[in-house]
file protein_13.csv (CSV, C-alpha atoms)
chain,number,residue,atom,x,y,z
J,266,MET,CA,-15.0,10.2,-11.6
J,267,LYS,CA,-11.8,8.2,-11.1
J,268,THR,CA,-10.9,6.6,-7.8
J,269,TYR,CA,-7.3,5.8,-7.1
J,270,VAL,CA,-6.1,3.2,-4.6
J,271,GLY,CA,-2.5,3.2,-3.5
J,272,ILE,CA,-1.1,0.1,-1.7
J,273,ASP,CA,2.2,0.0,0.1
J,274,ASN,CA,2.5,-3.8,0.0
J,275,GLY,CA,3.3,-5.7,3.2
J,276,VAL,CA,2.0,-6.4,6.7
J,277,SER,CA,3.3,-3.1,7.9
J,278,GLY,CA,2.0,-1.2,5.0
J,279,THR,CA,-0.9,1.1,4.5
J,280,ILE,CA,-3.7,1.6,2.0
J,281,SER,CA,-5.0,4.9,0.6
J,282,ILE,CA,-8.0,5.8,-1.5
J,283,LEU,CA,-8.3,9.1,-3.3
J,284,THR,CA,-11.5,10.4,-4.8
J,285,GLU,CA,-12.4,13.9,-5.9
J,286,GLN,CA,-14.2,14.4,-2.6
J,287,SER,CA,-12.3,12.3,-0.1
J,288,VAL,CA,-9.1,10.7,1.2
J,289,TYR,CA,-9.2,7.4,3.0
J,290,HIS,CA,-6.0,6.1,4.7
J,291,PHE,CA,-5.8,3.0,6.8
J,292,ASP,CA,-3.3,0.4,8.0
J,293,THR,CA,-3.3,-2.9,6.2
J,294,PRO,CA,-5.4,-5.3,8.3
J,295,VAL,CA,-3.2,-8.1,9.6
J,296,LYS,CA,-3.5,-11.1,11.9
J,297,LYS,CA,-0.8,-13.0,13.8
J,298,GLU,CA,-0.6,-16.8,13.9
J,299,GLN,CA,1.8,-19.6,14.7
J,300,SER,CA,4.4,-20.0,12.0
J,301,TYR,CA,4.2,-23.0,9.7
J,302,THR,CA,7.9,-23.9,10.5
J,303,LYS,CA,9.1,-26.2,13.2
J,304,THR,CA,10.5,-23.2,15.1
J,305,LYS,CA,8.2,-21.7,17.6
J,306,GLN,CA,7.5,-18.2,16.3
J,307,MET,CA,4.6,-16.0,15.2
J,308,ILE,CA,4.1,-14.6,11.7
J,309,SER,CA,1.9,-11.7,10.5
J,310,ARG,CA,-0.4,-12.2,7.6
J,311,ILE,CA,-2.8,-10.1,5.7
J,312,ASP,CA,-6.3,-10.4,7.1
J,313,TYR,CA,-8.2,-11.2,3.9
J,314,VAL,CA,-11.6,-10.4,5.3
J,315,GLY,CA,-10.5,-7.2,6.9
J,316,LEU,CA,-8.8,-6.1,3.7
J,317,ARG,CA,-11.8,-7.0,1.5
J,318,ASP,CA,-14.3,-5.3,3.8
J,319,GLY,CA,-12.1,-2.2,4.2
J,320,LEU,CA,-11.8,-1.7,0.5
J,321,MET,CA,-15.5,-2.6,-0.3
J,322,GLY,CA,-16.8,-0.2,2.4
J,323,ARG,CA,-14.7,2.7,1.1
J,324,LEU,CA,-15.2,2.0,-2.6
J,325,MET,CA,-19.0,1.5,-2.6
J,326,GLY,CA,-20.6,3.6,-5.3
J,327,ASN,CA,-17.3,4.7,-6.8
J,328,SER,CA,-16.7,4.0,-10.4
J,329,GLY,CA,-13.5,4.0,-12.4
J,330,VAL,CA,-11.4,2.4,-9.6
J,331,PHE,CA,-7.7,1.8,-10.3
J,332,CYS,CA,-5.1,0.4,-7.9
J,333,LEU,CA,-1.4,1.1,-8.0
J,334,LEU,CA,0.4,-1.6,-6.0
J,335,GLU,CA,4.0,-1.3,-4.8
J,336,ARG,CA,6.1,-4.2,-6.0
J,337,PRO,CA,7.3,-6.3,-3.0
J,338,MET,CA,10.9,-6.4,-1.8
J,339,VAL,CA,12.5,-9.7,-2.9
J,340,ASN,CA,16.0,-10.3,-1.5
J,341,PRO,CA,17.4,-13.8,-1.1
J,342,GLY,CA,19.6,-12.5,1.7
J,343,ARG,CA,16.5,-11.5,3.7
J,344,PHE,CA,14.5,-14.7,3.5
J,345,LYS,CA,12.0,-14.0,6.2
J,346,ALA,CA,11.2,-10.5,5.0
J,347,THR,CA,10.9,-11.8,1.4
J,348,ALA,CA,8.6,-14.6,2.5
J,349,SER,CA,6.4,-12.1,4.4
J,350,ALA,CA,6.3,-9.7,1.5
J,351,LEU,CA,5.3,-12.4,-1.0
J,352,ARG,CA,2.6,-13.8,1.4
J,353,ALA,CA,1.2,-10.3,1.7
J,354,LEU,CA,1.3,-9.8,-2.1
J,355,GLU,CA,-0.6,-13.0,-2.7
J,356,ALA,CA,-3.4,-12.2,-0.2
J,357,THR,CA,-3.7,-8.6,-1.6
J,358,LEU,CA,-3.9,-9.9,-5.2
J,359,ILE,CA,-6.7,-12.3,-4.3
J,360,VAL,CA,-8.7,-9.5,-2.8
J,361,LEU,CA,-8.1,-7.2,-5.8
J,362,GLU,CA,-9.1,-9.9,-8.2
J,363,ARG,CA,-12.2,-10.9,-6.2
J,364,LEU,CA,-13.3,-7.3,-6.2
J,365,ASN,CA,-12.5,-6.8,-9.9
J,366,ILE,CA,-10.2,-3.9,-9.2
J,367,PRO,CA,-7.7,-3.4,-12.0
J,368,PHE,CA,-4.1,-2.9,-10.8
J,369,GLN,CA,-0.6,-2.2,-11.9
J,370,TYR,CA,2.7,-2.6,-10.1
J,371,ILE,CA,5.0,0.2,-9.4
J,372,ASP,CA,8.6,0.3,-8.0
J,373,SER,CA,9.1,2.6,-5.1
J,374,LYS,CA,11.8,4.5,-6.9
J,375,GLU,CA,9.4,5.5,-9.6
J,376,TRP,CA,6.9,7.4,-7.4
J,377,GLN,CA,9.7,8.6,-5.1
J,378,ARG,CA,11.6,10.2,-8.1
J,379,TYR,CA,8.4,12.0,-9.1
J,380,LEU,CA,7.1,13.2,-5.7
J,381,LEU,CA,10.1,13.6,-3.4
J,382,PRO,CA,12.8,16.2,-3.5
J,383,LYS,CA,16.0,15.4,-5.3
J,384,GLY,CA,19.0,14.3,-3.3
J,385,ILE,CA,17.2,12.4,-0.6
J,386,GLU,CA,19.4,9.7,1.0
J,387,LYS,CA,18.0,6.1,1.3
J,388,ASP,CA,17.7,6.3,5.1
J,389,GLU,CA,15.7,9.6,4.8
J,390,LEU,CA,13.1,8.4,2.3
J,391,LYS,CA,10.4,7.5,4.8
J,392,LYS,CA,10.6,10.9,6.6
J,393,ALA,CA,10.7,12.8,3.3
J,394,ALA,CA,7.6,10.9,2.1
J,395,LEU,CA,5.8,11.7,5.3
J,396,ASP,CA,6.7,15.4,5.1
J,397,VAL,CA,5.5,15.6,1.5
J,398,ALA,CA,2.2,13.7,2.3
J,399,LYS,CA,1.5,16.0,5.3
J,400,ARG,CA,1.7,19.0,3.0
J,401,LEU,CA,-0.5,17.4,0.3
J,402,PHE,CA,-3.0,15.8,2.8
J,403,PRO,CA,-2.9,17.7,6.0
J,404,GLN,CA,-6.2,16.1,7.2
J,405,VAL,CA,-4.5,12.6,7.3
J,406,GLN,CA,-2.7,11.6,10.5
J,407,THR,CA,-0.3,8.8,9.9
J,408,LYS,CA,3.3,7.6,10.5
J,409,ASP,CA,3.5,5.9,7.1
J,410,ALA,CA,2.5,7.9,4.0
J,411,ASP,CA,3.8,5.8,1.2
J,412,SER,CA,0.4,4.6,0.1
J,413,LEU,CA,-0.9,8.2,0.0
J,414,LEU,CA,1.9,9.1,-2.4
J,415,ILE,CA,1.5,6.0,-4.5
J,416,ALA,CA,-2.2,6.9,-5.0
J,417,GLU,CA,-1.3,10.6,-5.6
J,418,TYR,CA,1.2,9.5,-8.2
J,419,ALA,CA,-1.5,7.4,-10.0
J,420,ARG,CA,-3.8,10.4,-9.9
J,421,ARG,CA,-1.2,12.7,-11.4
J,422,MET,CA,-0.2,10.2,-14.1
J,423,ARG,CA,-3.9,9.7,-14.8
J,424,LEU,CA,-3.5,5.9,-14.7
call {"tool": "encode", "arguments": {"input": "protein_13.csv", "output": "structure tokens"}}
result
Amino acid sequence: MKTYVGIDNGVSGTISILTEQSVYHFDTPVKKEQSYTKTKQMISRIDYVGLRDGLMGRLMGNSGVFCLLERPMVNPGRFKATASALRALEATLIVLERLNIPFQYIDSKEWQRYLLPKGIEKDELKKAALDVAKRLFPQVQTKDADSLLIAEYARRMRL
């Protein structure tokens, strides 16, 4: 039996796990701390222990685990957002590697093209994804459904 993990990368992302019998969906565990720069500001980081324990607890006893991880946004014009995305990616990769979970990257456009209706404008993508996910997974209450659709894409593609 195959188990699919979908990760919407980033500190505001979510994680979904699909098995034949169950659907798990949870916010990426994060922690806030003082920034490493001279400016007084807080940053959000992935809570490594929370992420590791969240995955381990939900994957116990499942075989054939595969993770599809959304490629992080990298935009030199948005330095802070890019730095946050890359910090989140590194922490997530460490957890996946430590748990021996095979993974592959996916661009958001790929799963969106396959699962969302044609003609959706960029500013409507989040709402469209939420609408589709609510139809596919009515038992899940969420405000961010990207990871559900990433995992569903992996399942449909039999990755």
call {"tool": "residues_around", "arguments": {"input": "protein_13.csv", "residues": "Gln286 of chain J", "least_positions_apart": "5", "cutoff": "12 Å", "atoms": "all atoms listed in the file", "output": "list in words"}}
result
Met266, Lys267, Thr268, Tyr269 and Asn327 of chain J
call {"tool": "atom_distance", "arguments": {"input": "protein_13.csv", "atom1": "atom CA of Asp396 of chain J", "atom2": "atom CA of Leu334 of chain J"}}
result
21.3 Å
call {"tool": "residues_around", "arguments": {"input": "protein_13.csv", "residues": "segment 378-392 of chain J", "least_positions_apart": "5", "cutoff": "8 Å", "atoms": "all atoms listed in the file", "output": "list in words"}}
result
Val397, Asp409, Ala410, Asp411, Leu414 and Tyr418 of chain J
call {"tool": "atom_distance", "arguments": {"input": "protein_13.csv", "atom1": "atom CA of Ser349 of chain J", "atom2": "atom CA of Ser277 of chain J"}}
result
10.1 Å
call {"tool": "closest_residue", "arguments": {"input": "protein_13.csv", "among": "J:Leu395, J:Ala356, J:Met321, J:Ile272", "to": "Val295 of chain J", "atoms": "only C-alpha atoms"}}
result
J:Ala356
call {"tool": "atom_distance", "arguments": {"input": "protein_13.csv", "atom1": "atom CA of Ala353 of chain J", "atom2": "atom CA of Gly275 of chain J"}}
result
5.3 Å
call {"tool": "closest_residue", "arguments": {"input": "protein_13.csv", "among": "J:Val405, J:Ile282, J:Leu413, J:Ala348", "to": "Gln377 of chain J", "atoms": "only C-alpha atoms"}}
result
J:Leu413
call {"tool": "residues_around", "arguments": {"input": "protein_13.csv", "residues": "Gly329 of chain J", "least_positions_apart": "2", "cutoff": "12 Å", "atoms": "all atoms listed in the file", "output": "VMD selection string"}}
result
chain J and resid 266 to 270 283 to 285 324 to 327 331 to 332 365 to 368 420 423 to 424
call {"tool": "write_last_selection", "arguments": {"input": "protein_13.csv", "atoms": "C-alpha atoms", "output": "mmCIF file, in the coordinates of the input"}}
result
data_model
loop_
_atom_site.group_PDB
_atom_site.id
_atom_site.type_symbol
_atom_site.label_atom_id
_atom_site.label_comp_id
_atom_site.auth_asym_id
_atom_site.auth_seq_id
_atom_site.Cartn_x
_atom_site.Cartn_y
_atom_site.Cartn_z
ATOM 1 C CA MET J 266 -15.000 10.200 -11.600
ATOM 2 C CA LYS J 267 -11.800 8.200 -11.100
ATOM 3 C CA THR J 268 -10.900 6.600 -7.800
ATOM 4 C CA TYR J 269 -7.300 5.800 -7.100
ATOM 5 C CA VAL J 270 -6.100 3.200 -4.600
ATOM 6 C CA LEU J 283 -8.300 9.100 -3.300
ATOM 7 C CA THR J 284 -11.500 10.400 -4.800
ATOM 8 C CA GLU J 285 -12.400 13.900 -5.900
ATOM 9 C CA LEU J 324 -15.200 2.000 -2.600
ATOM 10 C CA MET J 325 -19.000 1.500 -2.600
ATOM 11 C CA GLY J 326 -20.600 3.600 -5.300
ATOM 12 C CA ASN J 327 -17.300 4.700 -6.800
ATOM 13 C CA PHE J 331 -7.700 1.800 -10.300
ATOM 14 C CA CYS J 332 -5.100 0.400 -7.900
ATOM 15 C CA ASN J 365 -12.500 -6.800 -9.900
ATOM 16 C CA ILE J 366 -10.200 -3.900 -9.200
ATOM 17 C CA PRO J 367 -7.700 -3.400 -12.000
ATOM 18 C CA PHE J 368 -4.100 -2.900 -10.800
ATOM 19 C CA ARG J 420 -3.800 10.400 -9.900
ATOM 20 C CA ARG J 423 -3.900 9.700 -14.800
ATOM 21 C CA LEU J 424 -3.500 5.900 -14.700
#
call {"tool": "closest_residue", "arguments": {"input": "protein_13.csv", "among": "J:Arg336, J:Arg352, J:Lys305, J:Arg343", "to": "Tyr370 of chain J", "atoms": "only C-alpha atoms"}}
result
J:Arg336
call {"tool": "closest_residue", "arguments": {"input": "protein_13.csv", "among": "J:Val360, J:Leu333, J:Leu320, J:Val288", "to": "Met422 of chain J", "atoms": "all atoms listed in the file"}}
result
J:Leu333
call {"tool": "closest_residue", "arguments": {"input": "protein_13.csv", "among": "J:Val330, J:Ala419, J:Ala398, J:Ile280", "to": "Leu364 of chain J", "atoms": "all atoms listed in the file"}}
result
J:Val330
call {"tool": "closest_residue", "arguments": {"input": "protein_13.csv", "among": "J:Trp376, J:Glu355, J:Gly271, J:Thr304", "to": "Ala416 of chain J", "atoms": "only C-alpha atoms"}}
result
J:Gly271
call {"tool": "residues_around", "arguments": {"input": "protein_13.csv", "residues": "Asn274 of chain J", "least_positions_apart": "4", "cutoff": "9 Å", "atoms": "all atoms listed in the file", "output": "MDAnalysis selection string"}}
result
chainID J and resid 278:280 293 334:338 350 353:354 357 412
